[in-house]
Structures are given as C-alpha cells and as structure tokens.
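Novice: Sending over a structure as structure tokens; questions will come in a sec.
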Amino acid sequence: MDTVSEEDNFEALSLLNDKVLVESAANPLMDVWLGDESTVEQVLDVPVWSYELTEAKFDTLVHFEEFMIECENLLQQQLLSYEYNTFNSFLQFYQNFKKAKKSNKSLPLLDFVSNYKSRISRDSLSCVGLSISLIRKLRQMYTRFSRSIALVSCEESVKDVGAYSMQSPNNVKEHCLVCIKICIEGKREGYVLLDPGYHVSRPIIVMEDLVYPNTSWFTSSSNDKVVKEYCYQLIDHQFIGWKVRETRNGCQDEWMNLVYVKRQFAKCLTITEKRSLIYLLKSLVIRNRK
C-alpha cells in the first residue's frame with residue numbers, strides 16, 4: 001500500500017464526506033454511504049459457502065486441552081501482533097477512486113463501489129484479514145485438521161432466530177471468525193470459535209452436551225460505563241447462537257448473533273470486507289502495548 005500523508009488522510013475523509021452529501025442528494029442510491037442497508041445490498045456479492053467442515057478428532061480430553069493451549073497461544077500472539085484497522089482500506093479505496101475519476105470524470109461513485117475489488121493487506125486488517133491469517137497459521141501447524149478449520153460467517157443482531165433464513169436478501173454477513181469442528185473421545189461433538197476481529201482473547205468451546213470443556217457466560221469487556229458478556233450455544237448442526245448481554249448505566253440489553261458453522265464462507269472479500277469498507281464506522285484498535 002502506498003504511503004498516505006496526514007494531509008491526504010484529512011483530504012480523503014473530508015472531501016469524500018462532501019462528495020457523498022452532494023451525490024446522495026442527486027441520487028438516492030448514494031444512501032449507501034449514509035447507512036441505508038437496502039442500498040448496501042446492491043454493492044455486495046451474493047453469499048456463497050464452500051466445503052463442509054470435517055471433524056478434528058481427539059482421542060482423549062487431555063489431547064484436546066493441549067490443542068487448546070496452542071490455539072490460545074496463537075490467538076493471543078495474533079492480537080498482540082496485528083492492529084484492527086479499517087481506516088487504511090478506506091483511504092486506499094479513496095486513492096483508487098481519485099485515480100479512476102481522472103480517467104472518467106462522470107464515473108458514479110456507486111458504480112465504482114460495486115466493481116471495486118476489496119483487498120487485504122497487513123496494514124489494513126478487519127475481522128476478515130485477522131481470521132484468515134490465523135487460519136493459515138493453524139493449518140500450517142495442524143495439516144491433518146485443514147478441512148476442520150475454516151472461516152465462517154456471522155449474522156449480527158438477529159431479531160427472530162426461528163424465522164432466520166440463509167437465503168434471505170436481508171442477510172449481510174457483517175462478521176467473520178475462525179471455526180474448528182471437533183470430536184472428543186469418539187462421541188462428544190462440538191466447535192471451537194476463535195474471534196480476533198472482536199478481540200476475544202480466549203478460544204470459545206461450544207460442546208453439544210454443554211459439559212466441560214464447554215465455555216459458559218464470560219465477560220468480554222468491562223469498564224466504568226459498560227459491561228459486555230458473551231455466551232455461545234449450539235442451536236443445531238448449522239448454527240451457533242452467540243448471545244450478547246450489555247449492561248450500561250444499570251440498564252441491561254441482550255441480543256443474538258448467529259454463526260453459520262456447517263460450511264466455510266467463500267465470499268468474505270466481496271461481502272464482509274467490502275461492507276466494512278463502506279460502513280460508516282471506522283476503527284483502529286492498537287492491541288500491542290509493549
């Protein structure tokens with residue numbers, strides 16, 4: 001990625017904001033930049049999943065626990081080594097848009113977004129890039145589990161879990177994370193989730209029988225203003241329900257995210273990464289405090 005000066009940073013953010021306001025007034029479709037989910041759908045790809053996950057088999061619980069120690073070490077190294085950064089991809093997008101406009105001054109922004117190829121680089125990592133990097137390391141260490149370790153999609157804030165449909169046009173796959181399908185002692189089935197995108201520093205173990213080593217409710221983050229807790233439970237052999245409980249100023253709110261764990265997500269760049277690119281909220285989380 002080209003070096004971007006502080007002046008270009010400011011120019012990218014301020015000028016694009018001005019351009020969005022002008023173009024959105026002239027073209028209602030430009031509401032994509034103002035958070036209109038129906039318009040976001042027009043620039044995102046159709047979801048596709050690839051192979052079905054196979055089981056990583058562990059003869060004993062001890063062998064599985066040893067595997068979890070390695071997974072946790074890798075996950076924490078990942079959190080310390082890489083920043084969560086959705087600013088740089090946006091700035092790169094803006095630089096490319098400026099170049100394209102020089103060649104075609106009448107190029108609509110929406111057309112450019114629709115055809116834009118999202119990319120992953122070390123200095124611009126969202127949940128997609130962080131998860132893919134972690135998967136590569138895990139597969140290198142455990143080649144026999146390559147088909148058990150996969151990138152999976154997550155639908156956030158699902159209002160009606162019972163009515164949820166994978167084919168719904170309203171599904172936007174906001175998040176991606178790492179999933180490992182497991183079987184312990186030949187009969188105990190479950191999944192391990194690793195979520196560097198949400199900065200979760202521990203493996204999440206979701207057992208079908210809800211017995212150890214199943215992960216129950218835990219505190220993900222806590223400060224003077226808000227406490228956020230997570231709990232994961234297998235709904236069926238396709239979905240894990242990720243419950244979120246947030247307590248803010250004494251008021252408690254809960255919602256459910258759905259993680260599809262049956263097959264590997266194959267459209268992470270043209271859906272989740274692109275959605276992160278055009279989403280209004282940009283984040284930079286520097287996690288290495290050494």
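We label chains A, B, ... in the order they appear in the structure tokens, count residues from 1 in each chain, and number ligands from 1 in the order shown.
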At a cut-off of 9 Å, using only C-alpha atoms, what residues contact region 133-138 of chain A? Leave out same-chain residues fewer than 4 positions from it and give the result as a list in words.
Specialist: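 Surrounding residues, per the criterion: Cys71, Leu74, Leu75, Gln78, Val128, Gly129, Tyr142, Thr143, Phe145, Ser146, Ile149, Ala150, Leu151, Val178, Cys179, Leu194 and Pro196 of chain A.
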Novice: Can I get the selection written as a CSV table (one decimal), in the first residue's frame, with N, CA and C atoms?
Specialist:
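The result, written out as selection-v7.csv:
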```csv
chain,number,residue,atom,x,y,z
A,71,CYS,N,-3.8,-23.2,20.5
A,71,CYS,CA,-4.8,-22.3,19.8
A,71,CYS,C,-4.8,-21.0,20.5
A,74,LEU,N,-1.6,-19.0,19.9
A,74,LEU,CA,-1.6,-18.4,18.5
A,74,LEU,C,-2.6,-17.2,18.5
A,75,LEU,N,-3.7,-17.3,19.1
A,75,LEU,CA,-4.7,-16.3,19.1
A,75,LEU,C,-4.2,-15.0,19.8
A,78,GLN,N,-1.6,-13.3,17.8
A,78,GLN,CA,-2.3,-12.5,16.7
A,78,GLN,C,-2.8,-11.2,17.2
A,128,VAL,N,-11.9,-10.1,8.7
A,128,VAL,CA,-11.6,-11.0,7.6
A,128,VAL,C,-10.1,-11.3,7.6
A,129,GLY,N,-9.3,-10.3,7.4
A,129,GLY,CA,-7.9,-10.5,7.3
A,129,GLY,C,-7.3,-11.1,8.6
A,142,TYR,N,-1.3,-27.7,12.0
A,142,TYR,CA,-2.1,-28.9,12.1
A,142,TYR,C,-2.7,-29.2,10.7
A,143,THR,N,-1.8,-29.7,9.8
A,143,THR,CA,-2.2,-30.0,8.5
A,143,THR,C,-3.3,-31.1,8.4
A,145,PHE,N,-5.8,-31.2,10.2
A,145,PHE,CA,-7.1,-30.6,10.5
A,145,PHE,C,-7.5,-29.6,9.5
A,146,SER,N,-6.8,-29.5,8.4
A,146,SER,CA,-7.1,-28.5,7.4
A,146,SER,C,-8.5,-28.3,7.0
A,149,ILE,N,-10.7,-26.7,10.0
A,149,ILE,CA,-10.5,-25.3,10.4
A,149,ILE,C,-11.0,-24.4,9.2
A,150,ALA,N,-11.9,-23.5,9.5
A,150,ALA,CA,-12.5,-22.7,8.4
A,150,ALA,C,-12.9,-21.3,8.8
A,151,LEU,N,-13.0,-20.5,7.9
A,151,LEU,CA,-13.6,-19.1,8.1
A,151,LEU,C,-15.1,-19.3,8.0
A,178,VAL,N,-13.1,-17.6,13.0
A,178,VAL,CA,-12.5,-18.9,12.8
A,178,VAL,C,-13.3,-20.0,13.5
A,179,CYS,N,-13.5,-21.1,12.8
A,179,CYS,CA,-14.3,-22.2,13.5
A,179,CYS,C,-13.5,-23.5,13.3
A,194,LEU,N,-12.7,-19.0,17.3
A,194,LEU,CA,-11.6,-18.0,17.6
A,194,LEU,C,-12.0,-16.7,16.9
A,196,PRO,N,-10.6,-13.1,16.5
A,196,PRO,CA,-9.6,-12.0,16.6
A,196,PRO,C,-10.3,-10.7,16.2
```
Novice: Considering only C-alpha atoms, can you say which of A:Val206, A:Ile69, A:Ala266, A:Ile182 comes closest to Glu55 (chain A)?
Specialist: A:Ile182
Novice: Enumerate as a PyMOL selection string all residues of region 186-239 of chain A assigned to strand (DSSP E) by DSSP on the backbone, naming them with the chain letters and numbers the document uses.
Specialist: chain A and resi 188-194+204-207+218-222+226-234+239
Novice: Grab the residues selected above and save them as a PDB file, in the first residue's frame with N, CA and C atoms.
Specialist:
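Here's the written file again.pdb:
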```
ATOM      1  N   ARG A 188     -18.140 -37.095  21.654  1.00  0.00           N
ATOM      2  CA  ARG A 188     -18.542 -35.760  22.100  1.00  0.00           C
ATOM      3  C   ARG A 188     -18.221 -34.738  21.008  1.00  0.00           C
ATOM      4  N   GLU A 189     -19.278 -34.182  20.412  1.00  0.00           N
ATOM      5  CA  GLU A 189     -19.107 -33.275  19.285  1.00  0.00           C
ATOM      6  C   GLU A 189     -19.237 -31.819  19.723  1.00  0.00           C
ATOM      7  N   GLY A 190     -18.580 -30.959  18.968  1.00  0.00           N
ATOM      8  CA  GLY A 190     -18.662 -29.541  19.280  1.00  0.00           C
ATOM      9  C   GLY A 190     -17.855 -28.703  18.308  1.00  0.00           C
ATOM     10  N   TYR A 191     -17.661 -27.445  18.678  1.00  0.00           N
ATOM     11  CA  TYR A 191     -16.935 -26.496  17.832  1.00  0.00           C
ATOM     12  C   TYR A 191     -16.067 -25.603  18.711  1.00  0.00           C
ATOM     13  N   VAL A 192     -14.984 -25.127  18.129  1.00  0.00           N
ATOM     14  CA  VAL A 192     -14.152 -24.110  18.763  1.00  0.00           C
ATOM     15  C   VAL A 192     -14.221 -22.864  17.890  1.00  0.00           C
ATOM     16  N   LEU A 193     -14.499 -21.722  18.503  1.00  0.00           N
ATOM     17  CA  LEU A 193     -14.522 -20.447  17.792  1.00  0.00           C
ATOM     18  C   LEU A 193     -13.362 -19.581  18.272  1.00  0.00           C
ATOM     19  N   LEU A 194     -12.673 -18.966  17.320  1.00  0.00           N
ATOM     20  CA  LEU A 194     -11.595 -18.016  17.606  1.00  0.00           C
ATOM     21  C   LEU A 194     -11.962 -16.712  16.914  1.00  0.00           C
ATOM     22  N   ILE A 204     -13.284 -20.113  22.293  1.00  0.00           N
ATOM     23  CA  ILE A 204     -14.642 -20.362  22.777  1.00  0.00           C
ATOM     24  C   ILE A 204     -15.009 -21.787  22.380  1.00  0.00           C
ATOM     25  N   ILE A 205     -15.294 -22.617  23.363  1.00  0.00           N
ATOM     26  CA  ILE A 205     -15.593 -24.029  23.117  1.00  0.00           C
ATOM     27  C   ILE A 205     -17.096 -24.237  23.277  1.00  0.00           C
ATOM     28  N   VAL A 206     -17.718 -24.742  22.224  1.00  0.00           N
ATOM     29  CA  VAL A 206     -19.168 -24.938  22.222  1.00  0.00           C
ATOM     30  C   VAL A 206     -19.435 -26.434  22.060  1.00  0.00           C
ATOM     31  N   MET A 207     -19.731 -27.098  23.168  1.00  0.00           N
ATOM     32  CA  MET A 207     -19.986 -28.535  23.147  1.00  0.00           C
ATOM     33  C   MET A 207     -21.486 -28.806  23.017  1.00  0.00           C
ATOM     34  N   PHE A 218     -19.151 -15.440  29.878  1.00  0.00           N
ATOM     35  CA  PHE A 218     -17.924 -14.801  30.346  1.00  0.00           C
ATOM     36  C   PHE A 218     -17.961 -13.323  29.980  1.00  0.00           C
ATOM     37  N   THR A 219     -17.189 -12.531  30.702  1.00  0.00           N
ATOM     38  CA  THR A 219     -17.121 -11.091  30.456  1.00  0.00           C
ATOM     39  C   THR A 219     -16.108 -10.811  29.361  1.00  0.00           C
ATOM     40  N   SER A 220     -16.583 -10.225  28.278  1.00  0.00           N
ATOM     41  CA  SER A 220     -15.702  -9.897  27.158  1.00  0.00           C
ATOM     42  C   SER A 220     -14.969  -8.584  27.392  1.00  0.00           C
ATOM     43  N   SER A 221     -15.686  -7.598  27.923  1.00  0.00           N
ATOM     44  CA  SER A 221     -15.070  -6.296  28.196  1.00  0.00           C
ATOM     45  C   SER A 221     -15.827  -5.623  29.330  1.00  0.00           C
ATOM     46  N   SER A 222     -15.105  -4.797  30.069  1.00  0.00           N
ATOM     47  CA  SER A 222     -15.719  -4.133  31.214  1.00  0.00           C
ATOM     48  C   SER A 222     -14.995  -2.833  31.513  1.00  0.00           C
ATOM     49  N   VAL A 226     -19.739   0.458  30.821  1.00  0.00           N
ATOM     50  CA  VAL A 226     -20.426  -0.658  30.176  1.00  0.00           C
ATOM     51  C   VAL A 226     -19.709  -1.976  30.451  1.00  0.00           C
ATOM     52  N   VAL A 227     -20.510  -3.024  30.638  1.00  0.00           N
ATOM     53  CA  VAL A 227     -20.005  -4.389  30.773  1.00  0.00           C
ATOM     54  C   VAL A 227     -20.654  -5.221  29.669  1.00  0.00           C
ATOM     55  N   LYS A 228     -19.828  -5.946  28.917  1.00  0.00           N
ATOM     56  CA  LYS A 228     -20.348  -6.772  27.832  1.00  0.00           C
ATOM     57  C   LYS A 228     -19.978  -8.228  28.090  1.00  0.00           C
ATOM     58  N   GLU A 229     -21.005  -9.099  28.064  1.00  0.00           N
ATOM     59  CA  GLU A 229     -20.816 -10.520  28.328  1.00  0.00           C
ATOM     60  C   GLU A 229     -21.272 -11.334  27.121  1.00  0.00           C
ATOM     61  N   TYR A 230     -20.598 -12.487  26.916  1.00  0.00           N
ATOM     62  CA  TYR A 230     -20.913 -13.361  25.795  1.00  0.00           C
ATOM     63  C   TYR A 230     -21.241 -14.764  26.293  1.00  0.00           C
ATOM     64  N   CYS A 231     -22.104 -15.430  25.538  1.00  0.00           N
ATOM     65  CA  CYS A 231     -22.373 -16.849  25.760  1.00  0.00           C
ATOM     66  C   CYS A 231     -22.706 -17.481  24.409  1.00  0.00           C
ATOM     67  N   TYR A 232     -22.177 -18.680  24.170  1.00  0.00           N
ATOM     68  CA  TYR A 232     -22.355 -19.352  22.884  1.00  0.00           C
ATOM     69  C   TYR A 232     -22.995 -20.719  23.116  1.00  0.00           C
ATOM     70  N   GLN A 233     -23.970 -21.042  22.274  1.00  0.00           N
ATOM     71  CA  GLN A 233     -24.648 -22.327  22.427  1.00  0.00           C
ATOM     72  C   GLN A 233     -25.036 -22.866  21.062  1.00  0.00           C
ATOM     73  N   LEU A 234     -24.836 -24.165  20.893  1.00  0.00           N
ATOM     74  CA  LEU A 234     -25.177 -24.814  19.631  1.00  0.00           C
ATOM     75  C   LEU A 234     -26.695 -24.882  19.485  1.00  0.00           C
ATOM     76  N   PHE A 239     -25.923 -23.918  13.089  1.00  0.00           N
ATOM     77  CA  PHE A 239     -25.777 -22.604  13.705  1.00  0.00           C
ATOM     78  C   PHE A 239     -25.360 -22.674  15.172  1.00  0.00           C
TER      79      PHE A 239
END
```
Novice: Measuring between only C-alpha atoms, which one of A:Ala56, A:Glu254, A:Glu208, A:Tyr279 shows the shortest distance to Arg139 (chain A)?
Specialist: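 The answer is A:Ala56, which sits nearest to Arg139 (chain A).
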Novice: So, counting only C-alpha atoms, which residue among A:Glu83, A:Asp253, A:Glu155, A:Asp209 is closest to Asp123 (chain A)?
Specialist: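 Nearest candidate to Asp123 (chain A) out of A:Glu83, A:Asp253, A:Glu155, A:Asp209: A:Glu83.
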Novice: Just how far from CA of Phe112 (chain A) is CA of Leu44 (chain A), in Å to one decimal?
Specialist: 12.3 Å
Novice: From a DSSP calculation on the backbone, collect every residue of region 20-238 of chain A in alpha helix (DSSP H) and output the set as a count of residues only.
Specialist: 74
